[in-house]
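Structure file entry_14.csv with CSV, C-alpha atoms:
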chain,number,residue,atom,x,y,z
A,96,MET,CA,-52.3,-66.0,-21.4
A,97,ALA,CA,-48.6,-67.0,-20.8
A,98,GLU,CA,-46.1,-64.3,-20.9
A,99,VAL,CA,-43.8,-64.3,-24.0
A,100,LEU,CA,-40.2,-63.5,-23.4
A,101,SER,CA,-38.4,-61.1,-25.6
A,102,GLN,CA,-35.2,-61.9,-27.3
A,103,SER,CA,-33.1,-59.8,-24.9
A,104,GLN,CA,-34.7,-61.6,-21.9
A,105,ILE,CA,-33.9,-65.0,-23.5
A,106,ASP,CA,-30.3,-63.9,-24.1
A,107,ALA,CA,-30.0,-62.7,-20.5
A,108,LEU,CA,-31.4,-66.0,-19.2
A,109,LEU,CA,-29.0,-68.1,-21.3
A,110,ASN,CA,-26.0,-66.0,-20.2
A,111,SER,CA,-27.1,-66.4,-16.6
A,112,MET,CA,-27.2,-70.2,-17.0
A,113,ASN,CA,-23.9,-70.3,-18.8
A,114,GLY,CA,-22.3,-68.2,-16.1
A,115,GLY,CA,-23.4,-70.5,-13.3
A,116,GLY,CA,-26.6,-68.5,-12.4
A,117,GLY,CA,-26.9,-65.5,-10.2
A,118,GLY,CA,-28.7,-63.4,-12.8
A,119,GLN,CA,-29.0,-59.7,-11.9
A,120,ALA,CA,-27.4,-60.2,-8.5
A,121,ALA,CA,-24.2,-61.3,-10.1
A,122,GLN,CA,-24.2,-58.3,-12.4
A,123,GLU,CA,-24.7,-55.9,-9.5
A,124,GLU,CA,-21.7,-57.5,-7.7
A,125,LYS,CA,-19.5,-56.8,-10.7
A,126,GLN,CA,-20.4,-53.1,-10.8
A,127,PRO,CA,-17.6,-51.0,-9.3
A,128,GLU,CA,-18.5,-49.3,-6.1
A,129,LYS,CA,-19.0,-45.6,-6.3
A,130,LYS,CA,-16.6,-43.5,-4.3
A,131,TYR,CA,-17.8,-40.4,-2.6
A,132,ARG,CA,-15.6,-37.8,-1.0
A,133,LYS,CA,-16.1,-37.6,2.8
A,134,TYR,CA,-17.5,-34.3,4.0
A,135,ASP,CA,-15.7,-32.8,7.0
A,136,PHE,CA,-18.4,-31.3,9.2
A,137,SER,CA,-15.8,-29.7,11.4
A,138,SER,CA,-14.7,-27.4,8.5
A,139,PRO,CA,-17.8,-26.5,6.4
A,140,ARG,CA,-17.3,-25.2,2.9
A,141,LYS,CA,-16.7,-21.5,2.7
A,142,PHE,CA,-17.4,-21.0,-1.1
A,143,THR,CA,-20.4,-22.1,-3.1
A,144,LYS,CA,-20.3,-24.1,-6.3
A,145,ASP,CA,-21.1,-20.9,-8.3
A,146,ARG,CA,-18.0,-19.2,-6.9
A,147,LEU,CA,-15.8,-22.1,-7.8
A,148,LYS,CA,-17.3,-22.2,-11.3
A,149,MET,CA,-16.5,-18.5,-11.6
A,150,LEU,CA,-12.9,-19.2,-10.6
A,151,ASN,CA,-12.7,-22.0,-13.1
A,152,SER,CA,-13.8,-19.6,-15.8
A,153,ILE,CA,-11.3,-17.0,-14.7
A,154,PHE,CA,-8.4,-19.4,-14.7
A,155,ASP,CA,-9.5,-20.9,-18.1
A,156,ASN,CA,-8.9,-17.4,-19.5
A,157,TYR,CA,-5.7,-17.2,-17.5
A,158,SER,CA,-4.6,-20.5,-19.1
A,159,ARG,CA,-5.2,-19.2,-22.6
A,160,MET,CA,-3.2,-16.0,-21.9
A,161,LEU,CA,-0.4,-18.0,-20.3
A,162,THR,CA,-0.2,-20.3,-23.3
A,163,THR,CA,0.4,-17.4,-25.6
A,164,ARG,CA,3.0,-15.9,-23.3
A,165,ILE,CA,4.9,-19.1,-22.8
A,166,ASN,CA,5.0,-19.8,-26.5
A,167,GLY,CA,6.6,-16.4,-27.1
A,168,LEU,CA,9.1,-16.8,-24.2
A,169,VAL,CA,10.4,-20.3,-25.0
A,170,HIS,CA,9.7,-20.4,-28.7
A,171,THR,CA,7.7,-23.6,-28.7
A,172,THR,CA,4.1,-24.8,-28.5
A,173,CYS,CA,2.4,-25.9,-25.4
A,174,GLU,CA,-1.1,-26.7,-24.2
A,175,ILE,CA,-2.4,-25.4,-20.8
A,176,THR,CA,-5.7,-26.4,-19.3
A,177,VAL,CA,-7.4,-26.2,-15.9
A,178,GLU,CA,-7.6,-29.6,-14.3
A,179,SER,CA,-9.5,-28.8,-11.1
A,180,VAL,CA,-10.7,-26.1,-8.8
A,181,GLU,CA,-11.1,-27.4,-5.2
A,182,GLU,CA,-11.6,-25.9,-1.8
A,183,GLN,CA,-9.4,-27.6,0.9
A,184,ARG,CA,-7.2,-26.9,3.9
A,185,TYR,CA,-3.8,-25.5,3.3
A,186,PHE,CA,-2.0,-28.4,5.0
A,187,GLU,CA,-3.5,-30.8,2.3
A,188,PHE,CA,-1.5,-28.8,-0.2
A,189,SER,CA,1.7,-28.2,1.8
A,190,ASN,CA,2.0,-31.9,2.9
A,191,ALA,CA,2.3,-32.9,-0.7
A,192,LEU,CA,5.3,-30.6,-1.3
A,193,THR,CA,8.8,-32.1,-1.5
A,194,ASP,CA,11.8,-30.7,0.3
A,195,ASN,CA,13.2,-29.2,-2.9
A,196,ALA,CA,9.9,-27.5,-3.9
A,197,VAL,CA,10.0,-23.8,-4.8
A,198,LEU,CA,7.0,-21.5,-4.1
A,199,THR,CA,6.3,-18.0,-5.3
A,200,THR,CA,4.4,-15.5,-3.3
A,201,ALA,CA,2.2,-12.8,-4.8
A,202,HIS,CA,0.0,-10.2,-3.1
A,203,LEU,CA,-3.4,-8.9,-4.0
A,204,VAL,CA,-3.7,-5.2,-4.7
A,205,LEU,CA,-7.3,-4.1,-4.4
A,206,LYS,CA,-8.2,-0.3,-4.3
A,207,ASP,CA,-4.5,0.6,-3.8
A,208,GLU,CA,-4.3,-1.6,-0.7
A,209,VAL,CA,-2.0,-4.6,-0.5
A,210,GLU,CA,-3.3,-7.8,1.1
A,211,GLU,CA,-0.9,-9.2,3.6
A,212,THR,CA,-1.9,-12.9,3.1
A,213,PRO,CA,0.0,-14.1,0.1
A,214,VAL,CA,-1.2,-16.0,-3.0
A,215,LEU,CA,1.0,-18.9,-3.8
A,216,LEU,CA,2.2,-20.3,-7.1
A,217,TYR,CA,3.9,-23.7,-7.5
A,218,VAL,CA,5.3,-25.1,-10.7
A,219,THR,CA,6.7,-28.6,-10.9
A,220,THR,CA,10.5,-28.8,-11.3
A,221,PRO,CA,10.7,-30.8,-14.6
A,222,MET,CA,8.5,-28.4,-16.4
A,223,MET,CA,10.3,-25.3,-15.1
A,224,VAL,CA,13.7,-26.7,-15.9
A,225,SER,CA,12.5,-27.6,-19.4
A,226,MET,CA,11.4,-24.0,-20.0
A,227,MET,CA,14.6,-22.6,-18.6
A,228,ASP,CA,16.6,-24.9,-20.8
A,229,ARG,CA,14.7,-23.6,-23.9
A,230,MET,CA,15.3,-20.0,-22.8
A,231,THR,CA,19.0,-20.6,-22.7
A,232,GLY,CA,19.2,-22.2,-26.2
A,233,GLY,CA,18.4,-25.9,-25.4
A,234,ASN,CA,15.7,-28.1,-26.6
A,235,GLY,CA,14.0,-28.6,-23.3
A,236,ASP,CA,15.1,-32.2,-22.9
A,237,ILE,CA,15.0,-33.4,-19.3
A,238,GLU,CA,15.3,-37.1,-19.6
A,239,ASN,CA,18.4,-37.2,-17.4
A,240,LEU,CA,17.0,-34.9,-14.7
A,241,PRO,CA,17.3,-36.5,-11.3
A,242,ASP,CA,14.2,-36.8,-9.2
A,243,GLU,CA,15.6,-34.8,-6.3
A,244,TYR,CA,16.9,-32.0,-8.5
A,245,SER,CA,17.6,-28.7,-6.6
A,246,TYR,CA,17.7,-25.3,-8.3
A,247,THR,CA,21.0,-23.5,-8.6
A,248,GLU,CA,21.4,-19.8,-8.0
A,249,LEU,CA,21.3,-19.2,-11.8
A,250,ASP,CA,18.2,-21.4,-12.1
A,251,LEU,CA,16.4,-19.3,-9.4
A,252,LYS,CA,17.2,-16.1,-11.3
A,253,LEU,CA,15.7,-17.5,-14.5
A,254,TYR,CA,12.8,-18.9,-12.4
A,255,GLU,CA,12.1,-15.5,-11.1
A,256,VAL,CA,12.1,-13.9,-14.6
A,257,LEU,CA,9.5,-16.5,-15.8
A,258,ILE,CA,7.3,-16.5,-12.7
A,259,GLN,CA,7.0,-12.7,-12.7
A,260,ASP,CA,5.2,-12.9,-16.0
A,261,PHE,CA,2.9,-15.5,-14.6
A,262,VAL,CA,2.0,-13.3,-11.7
A,263,ALA,CA,1.5,-10.1,-13.8
A,264,MET,CA,-1.1,-11.8,-16.0
A,265,MET,CA,-3.2,-13.1,-13.1
A,266,GLY,CA,-4.8,-9.7,-12.5
A,267,VAL,CA,-5.8,-9.2,-16.1
A,268,THR,CA,-8.0,-12.3,-16.2
A,269,TRP,CA,-10.3,-10.7,-13.5
A,270,GLU,CA,-11.1,-7.7,-15.6
A,271,ASN,CA,-14.6,-8.9,-16.6
A,272,TYR,CA,-15.5,-9.1,-12.9
A,273,ILE,CA,-13.4,-6.6,-10.9
A,274,GLN,CA,-10.3,-4.4,-11.3
A,275,LEU,CA,-7.4,-5.8,-9.3
A,276,ASP,CA,-3.7,-6.6,-9.6
A,277,PHE,CA,-1.2,-9.1,-8.2
A,278,GLU,CA,2.2,-8.0,-7.1
A,279,PHE,CA,5.2,-10.3,-7.3
A,280,GLY,CA,6.5,-11.0,-3.8
A,281,ARG,CA,9.5,-13.4,-3.6
A,282,VAL,CA,10.7,-16.9,-4.6
A,283,GLU,CA,10.8,-19.2,-1.5
A,284,ASN,CA,13.1,-22.2,-2.1
A,285,ASN,CA,12.5,-23.7,1.3
A,286,PRO,CA,8.7,-23.4,2.0
A,287,THR,CA,8.7,-26.2,4.6
A,288,LEU,CA,10.6,-23.9,7.0
A,289,VAL,CA,8.4,-20.8,6.4
A,290,GLN,CA,4.7,-20.7,7.5
A,291,LEU,CA,3.3,-18.6,4.6
A,292,ILE,CA,-0.3,-19.5,5.4
A,293,GLY,CA,-1.9,-21.1,8.4
A,294,LEU,CA,-2.1,-24.9,8.1
A,295,GLU,CA,-5.8,-25.0,9.0
A,296,GLU,CA,-6.7,-22.0,6.8
A,297,THR,CA,-9.2,-22.7,4.0
A,298,VAL,CA,-7.8,-22.2,0.5
A,299,VAL,CA,-8.9,-22.7,-3.1
A,300,LEU,CA,-6.4,-24.8,-5.1
A,301,ILE,CA,-6.4,-24.4,-8.8
A,302,ASP,CA,-4.5,-27.2,-10.6
A,303,ILE,CA,-3.3,-26.4,-14.1
A,304,LYS,CA,-1.8,-28.9,-16.5
A,305,VAL,CA,1.0,-27.8,-18.9
A,306,THR,CA,2.0,-30.0,-21.8
A,307,PHE,CA,5.1,-29.5,-24.0
A,308,PRO,CA,6.1,-31.6,-27.0
A,309,ASN,CA,8.8,-33.4,-25.0
A,310,THR,CA,7.6,-33.0,-21.4
A,311,ALA,CA,4.6,-32.3,-19.2
A,312,GLY,CA,4.0,-30.8,-15.8
A,313,SER,CA,1.6,-28.9,-13.7
A,314,MET,CA,1.2,-25.6,-12.0
A,315,SER,CA,-0.8,-24.8,-8.8
A,316,VAL,CA,-2.3,-21.6,-7.7
A,317,VAL,CA,-3.3,-21.3,-4.0
A,318,LEU,CA,-5.9,-18.6,-3.2
A,319,PRO,CA,-6.4,-18.2,0.6
A,320,GLU,CA,-9.8,-17.5,2.0
A,321,ALA,CA,-8.9,-14.0,3.2
A,322,VAL,CA,-7.9,-13.0,-0.3
A,323,LEU,CA,-11.0,-14.4,-2.0
A,324,SER,CA,-13.3,-13.0,0.7
A,325,ASN,CA,-12.1,-9.5,0.0
A,326,ILE,CA,-12.5,-10.0,-3.7
A,327,PHE,CA,-16.0,-11.4,-3.5
A,328,THR,CA,-17.1,-8.7,-1.0
A,329,GLU,CA,-15.9,-6.0,-3.4
A,330,MET,CA,-17.6,-7.7,-6.3
A,331,SER,CA,-20.9,-7.8,-4.4
A,332,LEU,CA,-20.8,-4.2,-3.5
A,333,GLY,CA,-20.1,-3.2,-7.1
A,334,SER,CA,-22.7,-5.5,-8.8
A,335,PRO,CA,-25.7,-3.9,-10.6
A,336,SER,CA,-28.2,-6.0,-8.6
A,337,LYS,CA,-26.7,-4.8,-5.3
A,338,LYS,CA,-26.9,-1.2,-6.5
A,339,ALA,CA,-30.5,-1.8,-7.5
A,340,ASN,CA,-31.4,-3.3,-4.1
A,341,ASN,CA,-29.7,-0.3,-2.4
A,342,GLU,CA,-31.8,2.1,-4.5
A,343,GLU,CA,-35.0,0.3,-3.7
A,344,LYS,CA,-34.2,0.3,0.1
A,345,SER,CA,-33.3,4.0,-0.1
A,346,GLU,CA,-36.7,4.8,-1.7
A,347,GLU,CA,-38.5,2.7,0.9
A,348,ILE,CA,-36.7,4.6,3.7
A,349,PHE,CA,-37.6,8.0,2.2
A,350,GLU,CA,-41.2,6.9,1.9
A,351,HIS,CA,-41.3,6.5,5.7
A,352,LEU,CA,-39.3,9.7,6.3
A,353,ARG,CA,-41.7,11.9,4.2
A,354,ASP,CA,-44.3,11.8,6.9
A,355,SER,CA,-41.9,12.9,9.6
A,356,THR,CA,-42.1,16.2,11.3
A,357,LEU,CA,-39.0,18.4,11.6
A,358,GLU,CA,-38.5,21.9,13.1
A,359,ILE,CA,-37.5,24.5,10.5
A,360,ARG,CA,-35.9,27.7,12.0
A,361,ALA,CA,-34.9,30.8,10.1
A,362,GLU,CA,-32.0,32.8,11.6
A,363,LEU,CA,-31.5,36.4,10.6
A,364,ALA,CA,-28.3,37.1,12.4
A,365,ARG,CA,-26.5,36.7,15.8
A,366,THR,CA,-25.4,39.3,18.2
A,367,THR,CA,-24.3,39.6,21.8
A,368,LEU,CA,-26.1,41.6,24.5
A,369,ARG,CA,-25.5,42.2,28.2
A,370,LEU,CA,-28.1,40.8,30.5
A,371,ASP,CA,-28.7,44.3,31.8
A,372,ASP,CA,-29.6,45.5,28.3
A,373,ILE,CA,-32.0,42.5,27.8
A,374,TYR,CA,-33.7,43.4,31.1
A,375,ARG,CA,-34.3,47.0,29.9
A,376,LEU,CA,-35.8,46.0,26.5
A,377,ASN,CA,-39.3,47.3,25.7
A,378,VAL,CA,-41.7,47.0,22.9
A,379,GLY,CA,-40.5,49.1,19.9
A,380,ASP,CA,-36.8,49.0,20.8
A,381,VAL,CA,-34.4,48.2,18.0
A,382,ILE,CA,-31.4,45.8,18.3
A,383,ASP,CA,-28.5,46.5,15.9
A,384,LEU,CA,-27.6,43.2,14.2
A,385,ASN,CA,-24.9,44.7,12.0
A,386,GLN,CA,-26.6,43.1,9.0
A,387,LYS,CA,-27.8,44.6,5.7
A,388,GLN,CA,-31.4,44.5,4.9
A,389,ASP,CA,-30.9,42.3,1.8
A,390,SER,CA,-28.5,39.9,3.5
A,391,ALA,CA,-29.1,36.1,3.3
A,392,LEU,CA,-30.5,34.4,6.3
A,393,ASN,CA,-29.9,30.8,7.3
A,394,LEU,CA,-32.5,28.0,7.5
A,395,TYR,CA,-32.0,25.2,10.0
A,396,VAL,CA,-33.7,21.8,9.7
A,397,GLY,CA,-33.5,19.6,12.7
A,398,GLY,CA,-30.7,21.8,14.1
A,399,GLN,CA,-28.5,21.5,11.0
A,400,ARG,CA,-28.0,24.2,8.4
A,401,TRP,CA,-29.5,23.1,5.1
A,402,PHE,CA,-30.3,26.3,3.2
A,403,ASN,CA,-29.8,30.0,3.0
A,404,GLY,CA,-32.1,32.5,1.4
A,405,LEU,CA,-33.7,35.9,1.3
A,406,MET,CA,-36.6,37.2,3.4
A,407,GLY,CA,-39.7,38.2,1.5
A,408,VAL,CA,-43.5,38.1,1.5
A,409,SER,CA,-45.7,35.4,-0.1
A,410,ASP,CA,-49.5,35.7,0.0
A,411,LYS,CA,-49.2,38.6,2.5
A,412,LYS,CA,-47.2,36.3,4.8
A,413,LEU,CA,-43.5,36.4,5.8
A,414,ALA,CA,-41.5,33.9,3.7
A,415,VAL,CA,-38.0,32.9,2.8
A,416,LYS,CA,-36.9,32.3,-0.7
A,417,ILE,CA,-34.3,29.5,-0.9
A,418,LYS,CA,-31.1,30.7,-2.5
A,419,GLU,CA,-28.6,27.9,-1.9
A,420,VAL,CA,-28.8,24.3,-0.8
A,421,TYR,CA,-26.1,22.6,1.2
A,422,HIS,CA,-26.2,18.9,0.1
A,423,ASN,CA,-23.0,17.9,1.8
A,424,ALA,CA,-23.3,17.2,5.5
A,425,GLY,CA,-19.6,17.8,6.1
A,426,ARG,CA,-20.0,21.2,4.4
A,427,ARG,CA,-22.9,22.0,6.7
A,428,GLY,CA,-20.8,21.2,9.7
A,429,GLU,CA,-18.0,23.4,8.4
A,430,LEU,CA,-20.4,26.3,7.9
A,431,GLN,CA,-21.7,26.0,11.4
A,432,ASN,CA,-18.2,25.9,12.9
A,433,GLY,CA,-17.3,29.0,10.9
A,434,GLN,CA,-20.2,31.1,12.3
Rewrite the structure from the file as structure tokens, please.
Amino acid sequence: MAEVLSQSQIDALLNSMNGGGGGQAAQEEKQPEKKYRKYDFSSPRKFTKDRLKMLNSIFDNYSRMLTTRINGLVHTTCEITVESVEEQRYFEFSNALTDNAVLTTAHLVLKDEVEETPVLLYVTTPMMVSMMDRMTGGNGDIENLPDEYSYTELDLKLYEVLIQDFVAMMGVTWENYIQLDFEFGRVENNPTLVQLIGLEETVVLIDIKVTFPNTAGSMSVVLPEAVLSNIFTEMSLGSPSKKANNEEKSEEIFEHLRDSTLEIRAELARTTLRLDDIYRLNVGDVIDLNQKQDSALNLYVGGQRWFNGLMGVSDKKLAVKIKEVYHNAGRRGELQNGQ
């Protein structure tokens, strides 16, 4: 039986004939070629997609908080969104900076320790000038702003006031994951002459888009590998799953240790005798220990003092009743040194 063409197949055949033939091959040629980012095998990725997604979520929250703060500072409405979170080399970011670019350094404070490697913040000049103009009573209009505009000394003072708020809020957005802070460092108006981060160092670049009614710009946050590694390591140590794994391993270790054999030694007291006195000792002789009858004696396990207690009798056998347990190893060492 002959095959019956559907209406869509008939239309495709007619279109092919009207277009000079070629059929499906011609359609494939018209399709745009997919572009793929080249993978650099000499510098493998340091952070997983899950880590980058987490950073995206953190800075989404940061964007919302920053929106509220900027609206209060410059008395206008703005929209702030995270455009991208990408891992790259620092030179890819620094090479894109202009000669009049201004960078801000901030330092991670984790467990009261300040990280030496700085976190960098960069805000485009038109957007920053627009905000400073609004802070000083203007309407934020920057139509006549030259492309190579350089900040004045007054501009840099206002810049620092604004950017300190941006830095202070960065630590708050991490609260759902870990407790940390970021300290404001300084404003660097000539970053091309200062090597803030190694050019080959891996960083995570967060691009944030900021839109005002009469202007738009962007803000970039550069997180170096050293800073992120410290944060992720601390998060892993404090995660519930990590604690559960540690508890399981501890229990497994104790299961193996329960069958171990250790020497337990009870010590009544210590005294000093001359070798001549020891040579003359006989059965029935008494050695004065300068110790009361009901004094506590020490129990040693594996050569370390673990307990003290009182001597007694159990089932017609000599026994020691545990009176105190020394849980702290450091405390046991101090007791030994104090004997």
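A straight line drawn from CA of Ala191 (chain A) to CA of Ile326 (chain A) is 27.4 Å long.
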Top pick for closest residue to Glu295 (chain A), considering A:Ile273, A:Pro319, A:Arg229, A:Glu174 and counting all atoms listed in the file:
A:Pro319
The residues within 9 Å of (-5.3, -26.9, -7.9), using only C-alpha atoms and the coordinates of the file, should be reported as a count of residues only; which are they?
16
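For region 391-404 of chain A, the residues within 7 Å (counting all atoms listed in the file, excluding itself and residues fewer than 4 positions away along the chain) are Leu357, Glu358, Ile359, Arg360, Ala361, Glu362, Leu363, Val415, Lys416, Ile417, Lys418, Glu419, Val420, Tyr421 and Arg427 of chain A.
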I'd like the neighbourhood of Thr306 (chain A) as a PyMOL selection string, where a residue qualifies if any of its atoms comes within 9 Å (using only C-alpha atoms), though same-chain residues fewer than 4 positions away should be ignored.
chain A and resi 172-176+222+310-313
Report as JSON lines: every residue of region 273-319 of chain A with an atom at most 10 Å from region 231-249 of chain A, its closest pair of atoms, and their distance in Å to one decimal, counting only C-alpha atoms, with rows sorted by chain and ascending residue number.
{"residue": "A:Asn284", "atom": "CA", "partner": "A:Tyr246", "partner_atom": "CA", "distance": 8.3}
{"residue": "A:Phe307", "atom": "CA", "partner": "A:Gly235", "partner_atom": "CA", "distance": 9.0}
{"residue": "A:Pro308", "atom": "CA", "partner": "A:Gly235", "partner_atom": "CA", "distance": 9.2}
{"residue": "A:Asn309", "atom": "CA", "partner": "A:Asp236", "partner_atom": "CA", "distance": 6.7}
{"residue": "A:Thr310", "atom": "CA", "partner": "A:Asp236", "partner_atom": "CA", "distance": 7.7}
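Shortest atom-to-atom contact with Thr200 (chain A) among A:Ser225, A:Gln259, A:Thr219, A:Asn151: A:Gln259, counting all atoms listed in the file.
Atom pair CA of Arg146 (chain A) / CA of Phe186 (chain A) has a distance of 22.0 Å (rounded to one decimal).
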Tell me, as a ChimeraX atom specification, which residues lie within 7 Å of Arg281 (chain A), counting only C-alpha atoms; anything in the same chain fewer than 2 positions away does not count.
/A:199-200,279,283
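Closest approach to Lys141 (chain A) among A:Arg184, A:Arg375, A:Met265, A:Val209 is made by A:Arg184 (distances from all atoms listed in the file).
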How many Å separate CA of Val204 (chain A) from CA of Leu275 (chain A)?
5.9 Å
Show me, as a ChimeraX atom specification, the residues that have an atom within 12 Å of Thr212 (chain A) when counting only C-alpha atoms, minus same-chain residues fewer than 6 positions from it.
/A:200-204,277,280,290-293,296,298,317-325
With C-alpha atoms retained, export the selected residues as a JSON list (two decimals), keeping the file's coordinate frame.
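The resulting result.json:
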[["chain", "number", "residue", "atom", "x", "y", "z"],
["A", 200, "THR", "CA", 4.40, -15.50, -3.30],
["A", 201, "ALA", "CA", 2.20, -12.80, -4.80],
["A", 202, "HIS", "CA", 0.00, -10.20, -3.10],
["A", 203, "LEU", "CA", -3.40, -8.90, -4.00],
["A", 204, "VAL", "CA", -3.70, -5.20, -4.70],
["A", 277, "PHE", "CA", -1.20, -9.10, -8.20],
["A", 280, "GLY", "CA", 6.50, -11.00, -3.80],
["A", 290, "GLN", "CA", 4.70, -20.70, 7.50],
["A", 291, "LEU", "CA", 3.30, -18.60, 4.60],
["A", 292, "ILE", "CA", -0.30, -19.50, 5.40],
["A", 293, "GLY", "CA", -1.90, -21.10, 8.40],
["A", 296, "GLU", "CA", -6.70, -22.00, 6.80],
["A", 298, "VAL", "CA", -7.80, -22.20, 0.50],
["A", 317, "VAL", "CA", -3.30, -21.30, -4.00],
["A", 318, "LEU", "CA", -5.90, -18.60, -3.20],
["A", 319, "PRO", "CA", -6.40, -18.20, 0.60],
["A", 320, "GLU", "CA", -9.80, -17.50, 2.00],
["A", 321, "ALA", "CA", -8.90, -14.00, 3.20],
["A", 322, "VAL", "CA", -7.90, -13.00, -0.30],
["A", 323, "LEU", "CA", -11.00, -14.40, -2.00],
["A", 324, "SER", "CA", -13.30, -13.00, 0.70],
["A", 325, "ASN", "CA", -12.10, -9.50, 0.00]]
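Counting all atoms listed in the file, the residue from A:Gln274, A:Ser409, A:Thr193, A:Thr171 that sits nearest to Asp228 (chain A) is A:Thr171.
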Restore all heavy atoms in region 305-311 of chain A and list the result as a short mmCIF file (atom, residue, chain, number, x, y, z; two decimals), keeping the file's coordinate frame.
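Just written: result36.cif:
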data_model
loop_
_atom_site.label_atom_id
_atom_site.label_comp_id
_atom_site.auth_asym_id
_atom_site.auth_seq_id
_atom_site.Cartn_x
_atom_site.Cartn_y
_atom_site.Cartn_z
N VAL A 305 0.19 -28.42 -17.80
CA VAL A 305 1.00 -27.80 -18.90
C VAL A 305 1.68 -28.93 -19.64
O VAL A 305 2.39 -29.74 -19.06
CB VAL A 305 2.02 -26.83 -18.31
CG1 VAL A 305 2.77 -26.13 -19.44
CG2 VAL A 305 1.36 -25.80 -17.39
N THR A 306 1.46 -28.97 -20.96
CA THR A 306 2.00 -30.00 -21.80
C THR A 306 2.87 -29.44 -22.91
O THR A 306 2.38 -28.61 -23.70
CB THR A 306 0.90 -30.90 -22.41
OG1 THR A 306 0.05 -31.39 -21.36
CG2 THR A 306 1.48 -32.07 -23.17
N PHE A 307 4.15 -29.84 -22.95
CA PHE A 307 5.10 -29.50 -24.00
C PHE A 307 5.27 -30.69 -24.94
O PHE A 307 4.93 -31.83 -24.57
CB PHE A 307 6.41 -29.02 -23.44
CG PHE A 307 6.36 -27.67 -22.80
CD1 PHE A 307 6.17 -27.53 -21.43
CD2 PHE A 307 6.50 -26.52 -23.56
CE1 PHE A 307 6.12 -26.28 -20.84
CE2 PHE A 307 6.46 -25.26 -22.98
CZ PHE A 307 6.27 -25.14 -21.61
N PRO A 308 5.87 -30.50 -26.11
CA PRO A 308 6.10 -31.60 -27.00
C PRO A 308 6.92 -32.77 -26.38
O PRO A 308 6.70 -33.94 -26.68
CB PRO A 308 6.82 -31.01 -28.20
CG PRO A 308 6.39 -29.58 -28.20
CD PRO A 308 6.22 -29.22 -26.76
N ASN A 309 7.89 -32.41 -25.51
CA ASN A 309 8.80 -33.40 -25.00
C ASN A 309 8.67 -33.58 -23.44
O ASN A 309 9.43 -34.33 -22.83
CB ASN A 309 10.22 -33.17 -25.33
CG ASN A 309 10.67 -31.79 -24.87
OD1 ASN A 309 9.85 -30.98 -24.46
ND2 ASN A 309 11.96 -31.53 -24.94
N THR A 310 7.76 -32.89 -22.82
CA THR A 310 7.60 -33.00 -21.40
C THR A 310 6.22 -32.49 -20.95
O THR A 310 5.53 -31.82 -21.73
CB THR A 310 8.69 -32.25 -20.60
OG1 THR A 310 8.56 -32.52 -19.21
CG2 THR A 310 8.54 -30.75 -20.83
N ALA A 311 5.84 -32.78 -19.74
CA ALA A 311 4.60 -32.30 -19.20
C ALA A 311 4.74 -32.04 -17.71
O ALA A 311 5.61 -32.63 -17.06
CB ALA A 311 3.44 -33.32 -19.44
#
